[in-house]
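Input: a single structure, listed below in structure tokens.
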Amino acid sequence: MELLINYFEKIDPVLAAFYATIFTWALTALGSALVFLFKGMNRAVLDGMLGFTGGVMVAASFWSLLAPGIEMSPGEGFVKVVPAVIGFGLGALFLFGLDKVLPHLHVNFKESEKEGIKTPWHRTTLLVLAITLHNIPEGLAVGILFGGVAAGFDGATIGGAVALALGIGLQNFPEGFAVSMPIRRQGVSKFKSFMYGQSSALVEPIAAVIGAWAVITFQPILPYALAFAAGAMIFVVVEEVIPETQRDKYTDIATLGFMGGFIIMMVLDVGLS
């Protein structure tokens with residue numbers, strides 16, 4: 001791990017963000033590849049995986065994004081938290097807007113419950129777009145944190161950025177399977193189900209590069225940008241991930257998955273930072 005951190009310290013931060021999110025995409029693809037090995041997925045397992053995803057995202061939002069953002073903000077008292085408040089609110093509003101415009105369908109939802117503007121797109125496409133919504137703030141978060149390290153802000157560390165990428169990669173693995181298997185159950189071939197599943201994370205490297213470039217170019221926005229990514233991720237968890245786990249009788253398993261995901265992300269961030 002020390003060699004990995006040293007490597008990221010030596011390369012261009014935008015390139016580092018790109019490599020880190022190629023890793024998170026690769027774990028999505030690996031999870032999607034499970035569709036070649038299994039014919040179906042137990043609903044309890046799916047809910048546990050989704051709960052784990054939510055736990056990682058919430059922990060990352062605080063430990064990797066909000067806390068460093070507040071720490072590096074100027075001022076004292078209530079003034080110090082203003083950038084976090086503004087950024088957090090804007091991030092939530094950004095995802096709220098995407099949620100209302102982008103056609104998508106959550107994993108455990110019926111086709112009649114699809115969201116966004118009306119479209120004739122198939123259920124397969126809508127499922128992929130739902131997971132893509134998850135991945136936009138995740139990619140931004142990784143890129144913004146690497147950009148913050150390059151800008152020399154206290155509280156932003158390569159270890160923290162690597163921990164965030166590892167945590168997001170871990171939760172992307174079950175997420176890839178969670179989108180590929182429902183598509184497979186609709187009669188789509190294994191290969192196409194895999195391709196649809198892995199494609200949901202292709203947005204992460206793009207978002208990461210944009211986030212890193214923006215922070216390096218406009219350094220004063222970093223505290224706002226970190227909170228923006230946190231607000232976007234928390235919105236996704238509350239609006240999409242948690243409701244997806246509360247549709248059947250396995251809510252306890254989903255809750256335990258959430259707690260496990262939170263603990264793992266917390267340990268990664270504190271340990272590597």
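Convention: chains lettered A, B, ... in structure tokens order; per-chain residue numbering from 1; ligands numbered from 1 as shown.
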
Could you list, with a cut-off of 7 Å and counting only C-alpha atoms, the residues of range 29-103 of chain A near range 116-124 of chain A, each shown with its nearest atom pair and the distance in Å rounded to one decimal, rows sorted by chain and ascending number, as a tab-separated table?
```
residue	atom	partner	partner_atom	distance
A:Asp99	CA	A:Gly116	CA	6.1
A:Lys100	CA	A:Gly116	CA	4.5
A:Val101	CA	A:Gly116	CA	4.6
A:Leu102	CA	A:Gly116	CA	4.9
A:Pro103	CA	A:Gly116	CA	4.2
```

Using the selection just defined, write its residues with N, CA, C and O atoms as an mmCIF file, in the first residue's frame.
```cif
data_model
loop_
_atom_site.group_PDB
_atom_site.id
_atom_site.type_symbol
_atom_site.label_atom_id
_atom_site.label_comp_id
_atom_site.auth_asym_id
_atom_site.auth_seq_id
_atom_site.Cartn_x
_atom_site.Cartn_y
_atom_site.Cartn_z
ATOM 1 N N ASP A 99 -32.010 13.514 -11.107
ATOM 2 C CA ASP A 99 -32.998 12.499 -10.781
ATOM 3 C C ASP A 99 -34.335 12.791 -11.452
ATOM 4 O O ASP A 99 -35.059 11.877 -11.859
ATOM 5 N N LYS A 100 -34.666 14.073 -11.572
ATOM 6 C CA LYS A 100 -35.952 14.458 -12.172
ATOM 7 C C LYS A 100 -35.902 14.446 -13.696
ATOM 8 O O LYS A 100 -36.938 14.292 -14.348
ATOM 9 N N VAL A 101 -34.720 14.604 -14.261
ATOM 10 C CA VAL A 101 -34.598 14.721 -15.721
ATOM 11 C C VAL A 101 -34.189 13.402 -16.371
ATOM 12 O O VAL A 101 -34.769 12.976 -17.373
ATOM 13 N N LEU A 102 -33.165 12.734 -15.807
ATOM 14 C CA LEU A 102 -32.616 11.530 -16.434
ATOM 15 C C LEU A 102 -33.557 10.341 -16.236
ATOM 16 O O LEU A 102 -33.871 9.969 -15.099
ATOM 17 N N PRO A 103 -34.035 9.721 -17.309
ATOM 18 C CA PRO A 103 -34.894 8.539 -17.156
ATOM 19 C C PRO A 103 -34.122 7.392 -16.516
ATOM 20 O O PRO A 103 -33.014 7.073 -16.943
#
```

Give me, as a tab-separated table, the closest atom pair and its distance (Å, one decimal) for every residue of range 71-91 of chain A within a cut-off of 10 Å of range 154-165 of chain A, counting only C-alpha atoms, rows sorted by chain and rising number.
```
residue	atom	partner	partner_atom	distance
A:Glu71	CA	A:Gly155	CA	6.5
A:Met72	CA	A:Asp154	CA	5.9
A:Ser73	CA	A:Asp154	CA	9.6
```

The selected residues should be written to file as an mmCIF file, in the first residue's frame (atoms: all heavy atoms).
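File result-v4.cif, as written:
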```cif
data_model
loop_
_atom_site.group_PDB
_atom_site.id
_atom_site.type_symbol
_atom_site.label_atom_id
_atom_site.label_comp_id
_atom_site.auth_asym_id
_atom_site.auth_seq_id
_atom_site.Cartn_x
_atom_site.Cartn_y
_atom_site.Cartn_z
ATOM 1 N N GLU A 71 -12.319 21.113 7.735
ATOM 2 C CA GLU A 71 -11.002 21.357 8.334
ATOM 3 C C GLU A 71 -10.207 22.400 7.559
ATOM 4 O O GLU A 71 -9.520 23.242 8.145
ATOM 5 C CB GLU A 71 -10.223 20.042 8.387
ATOM 6 C CG GLU A 71 -8.843 20.163 9.018
ATOM 7 C CD GLU A 71 -8.092 18.842 9.019
ATOM 8 O OE1 GLU A 71 -8.733 17.789 8.885
ATOM 9 O OE2 GLU A 71 -6.850 18.878 9.142
ATOM 10 N N MET A 72 -10.293 22.374 6.234
ATOM 11 C CA MET A 72 -9.501 23.288 5.418
ATOM 12 C C MET A 72 -10.195 24.618 5.153
ATOM 13 O O MET A 72 -9.620 25.503 4.527
ATOM 14 C CB MET A 72 -9.131 22.624 4.093
ATOM 15 C CG MET A 72 -10.292 22.357 3.171
ATOM 16 S SD MET A 72 -9.800 21.492 1.641
ATOM 17 C CE MET A 72 -9.210 19.920 2.259
ATOM 18 N N SER A 73 -11.413 24.783 5.635
ATOM 19 C CA SER A 73 -12.141 26.036 5.428
ATOM 20 C C SER A 73 -11.584 27.125 6.339
ATOM 21 O O SER A 73 -11.231 26.859 7.494
ATOM 22 C CB SER A 73 -13.628 25.848 5.710
ATOM 23 O OG SER A 73 -14.199 24.916 4.814
#
```

Contacts of Val188 in chain A within 12 Å, only C-alpha atoms, excl. fewer than 5 positions in-chain, as a list in words
Val35, His122, Arg123, Thr124, Thr125, Ser180, Met181, Pro182, Ile183, Ser193, Phe194, Met195, Tyr196 and Gly197 of chain A

So which residues touch Trp213 in chain A within 10 Å, counting only C-alpha atoms, skipping near sequence neighbours fewer than 3 positions away, as a list in words?
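Once the adjacent positions are removed, what remains is Pro13, Val14, Leu15, Ala17, Gly143, Ile144, Phe146, Gly147, Gly148, Ala207, Ala208, Val209, Ile210, Ile216, Thr217, Phe218 and Gln219 of chain A.
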
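With only C-alpha atoms as the atoms that count, the minimum distance from Met41 in chain A to the choices A:Arg185, A:Val56, A:Gly231, A:Val267 is reached by A:Arg185.
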
Shortest interatomic distance to Gly152 in chain A - which of A:Leu105, A:Leu126, A:Ala59, A:Val215, counting only C-alpha atoms:
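Smallest separation from Gly152 in chain A among the options: A:Val215.
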
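Picture a line from CA of Gly257 in chain A to CA of Leu37 in chain A; it runs 23.0 Å.
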
Record the distance separating CA of Trp63 in chain A and CA of Leu166 in chain A, expressed in Å with one decimal.
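CA of Trp63 in chain A sits 13.6 Å away from CA of Leu166 in chain A.
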
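Counting only C-alpha atoms and comparing A:Met49, A:Leu272, A:Leu202, A:Ala214, the residue that lies closest to Val128 in chain A is A:Leu202.
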
Write out as a short mmCIF file (atom, residue, chain, number, x, y, z; two decimals) with N, CA and C atoms, in the first residue's frame which residues come within 12 Å of Arg247 in chain A when counting only C-alpha atoms, dropping same-chain ones fewer than 3 positions away.
```
data_model
loop_
_atom_site.label_atom_id
_atom_site.label_comp_id
_atom_site.auth_asym_id
_atom_site.auth_seq_id
_atom_site.Cartn_x
_atom_site.Cartn_y
_atom_site.Cartn_z
N ARG A 43 -32.59 -12.55 -3.27
CA ARG A 43 -32.98 -11.19 -2.93
C ARG A 43 -32.32 -10.71 -1.63
N ALA A 44 -32.13 -11.61 -0.67
CA ALA A 44 -31.46 -11.23 0.57
C ALA A 44 -30.03 -10.77 0.30
N LEU A 46 -28.93 -9.51 -2.55
CA LEU A 46 -29.03 -8.23 -3.24
C LEU A 46 -29.25 -7.09 -2.26
N ASP A 47 -30.16 -7.28 -1.31
CA ASP A 47 -30.43 -6.23 -0.33
C ASP A 47 -29.22 -5.97 0.57
N LEU A 50 -26.79 -3.92 -1.52
CA LEU A 50 -27.22 -2.53 -1.65
C LEU A 50 -27.03 -1.78 -0.33
N HIS A 106 -34.96 2.13 -10.58
CA HIS A 106 -34.20 1.50 -9.50
C HIS A 106 -34.29 -0.02 -9.58
N VAL A 107 -33.28 -0.68 -9.02
CA VAL A 107 -33.12 -2.12 -9.17
C VAL A 107 -34.35 -2.90 -8.71
N ASN A 108 -34.89 -2.60 -7.56
CA ASN A 108 -36.00 -3.38 -7.00
C ASN A 108 -37.37 -2.83 -7.34
N PHE A 109 -37.43 -1.85 -8.23
CA PHE A 109 -38.69 -1.19 -8.52
C PHE A 109 -39.35 -1.78 -9.77
N LYS A 110 -40.68 -1.62 -9.84
CA LYS A 110 -41.43 -2.06 -11.02
C LYS A 110 -41.27 -1.04 -12.14
N GLU A 240 -32.32 6.79 -3.36
CA GLU A 240 -32.33 5.60 -4.19
C GLU A 240 -31.89 4.33 -3.45
N VAL A 241 -30.72 4.36 -2.83
CA VAL A 241 -30.16 3.12 -2.29
C VAL A 241 -31.02 2.56 -1.15
N ILE A 242 -31.33 3.38 -0.16
CA ILE A 242 -32.12 2.89 0.98
C ILE A 242 -33.51 2.43 0.55
N PRO A 243 -34.26 3.21 -0.26
CA PRO A 243 -35.57 2.71 -0.70
C PRO A 243 -35.49 1.37 -1.43
N GLU A 244 -34.41 1.15 -2.18
CA GLU A 244 -34.26 -0.11 -2.91
C GLU A 244 -34.15 -1.29 -1.95
N TYR A 250 -36.26 -8.41 3.69
CA TYR A 250 -34.85 -8.55 4.09
C TYR A 250 -34.25 -7.23 4.56
N THR A 251 -35.05 -6.41 5.18
CA THR A 251 -34.58 -5.09 5.61
C THR A 251 -33.48 -5.20 6.68
N ASP A 252 -33.57 -6.22 7.54
CA ASP A 252 -32.54 -6.39 8.58
C ASP A 252 -31.18 -6.69 7.95
N ALA A 254 -30.24 -5.81 4.96
CA ALA A 254 -29.78 -4.58 4.32
C ALA A 254 -29.18 -3.64 5.35
#
```

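Minimum atom-to-atom distances from A:Ala141, A:Leu3, A:Leu95, A:Leu268 to Ala229 in chain A were compared using only C-alpha atoms, and the lowest value belongs to A:Ala141.
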
List every residue of range 5-168 of chain A that DSSP, applied to the backbone of this structure, places in alpha helix (DSSP H), and write the result as a ChimeraX atom specification.
/A:5-10,13-32,43-59,67-71,78-101,123-151,158-168

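Between CA of Pro205 in chain A and CA of Ala20 in chain A there is a distance of 8.0 Å.
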
Ranking A:Gly40, A:Gly91, A:Ala151, A:Ile5 by minimum distance to Ala230 in chain A and counting only C-alpha atoms, which one comes first?
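Comparing A:Gly40, A:Gly91, A:Ala151, A:Ile5 against Ala230 in chain A, the winner is A:Gly91.
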
The residue from A:Asp248, A:Glu204, A:Asp12, A:Glu138 with the smallest atom-to-atom distance to Phe228 in chain A, counting only C-alpha atoms, is A:Glu138
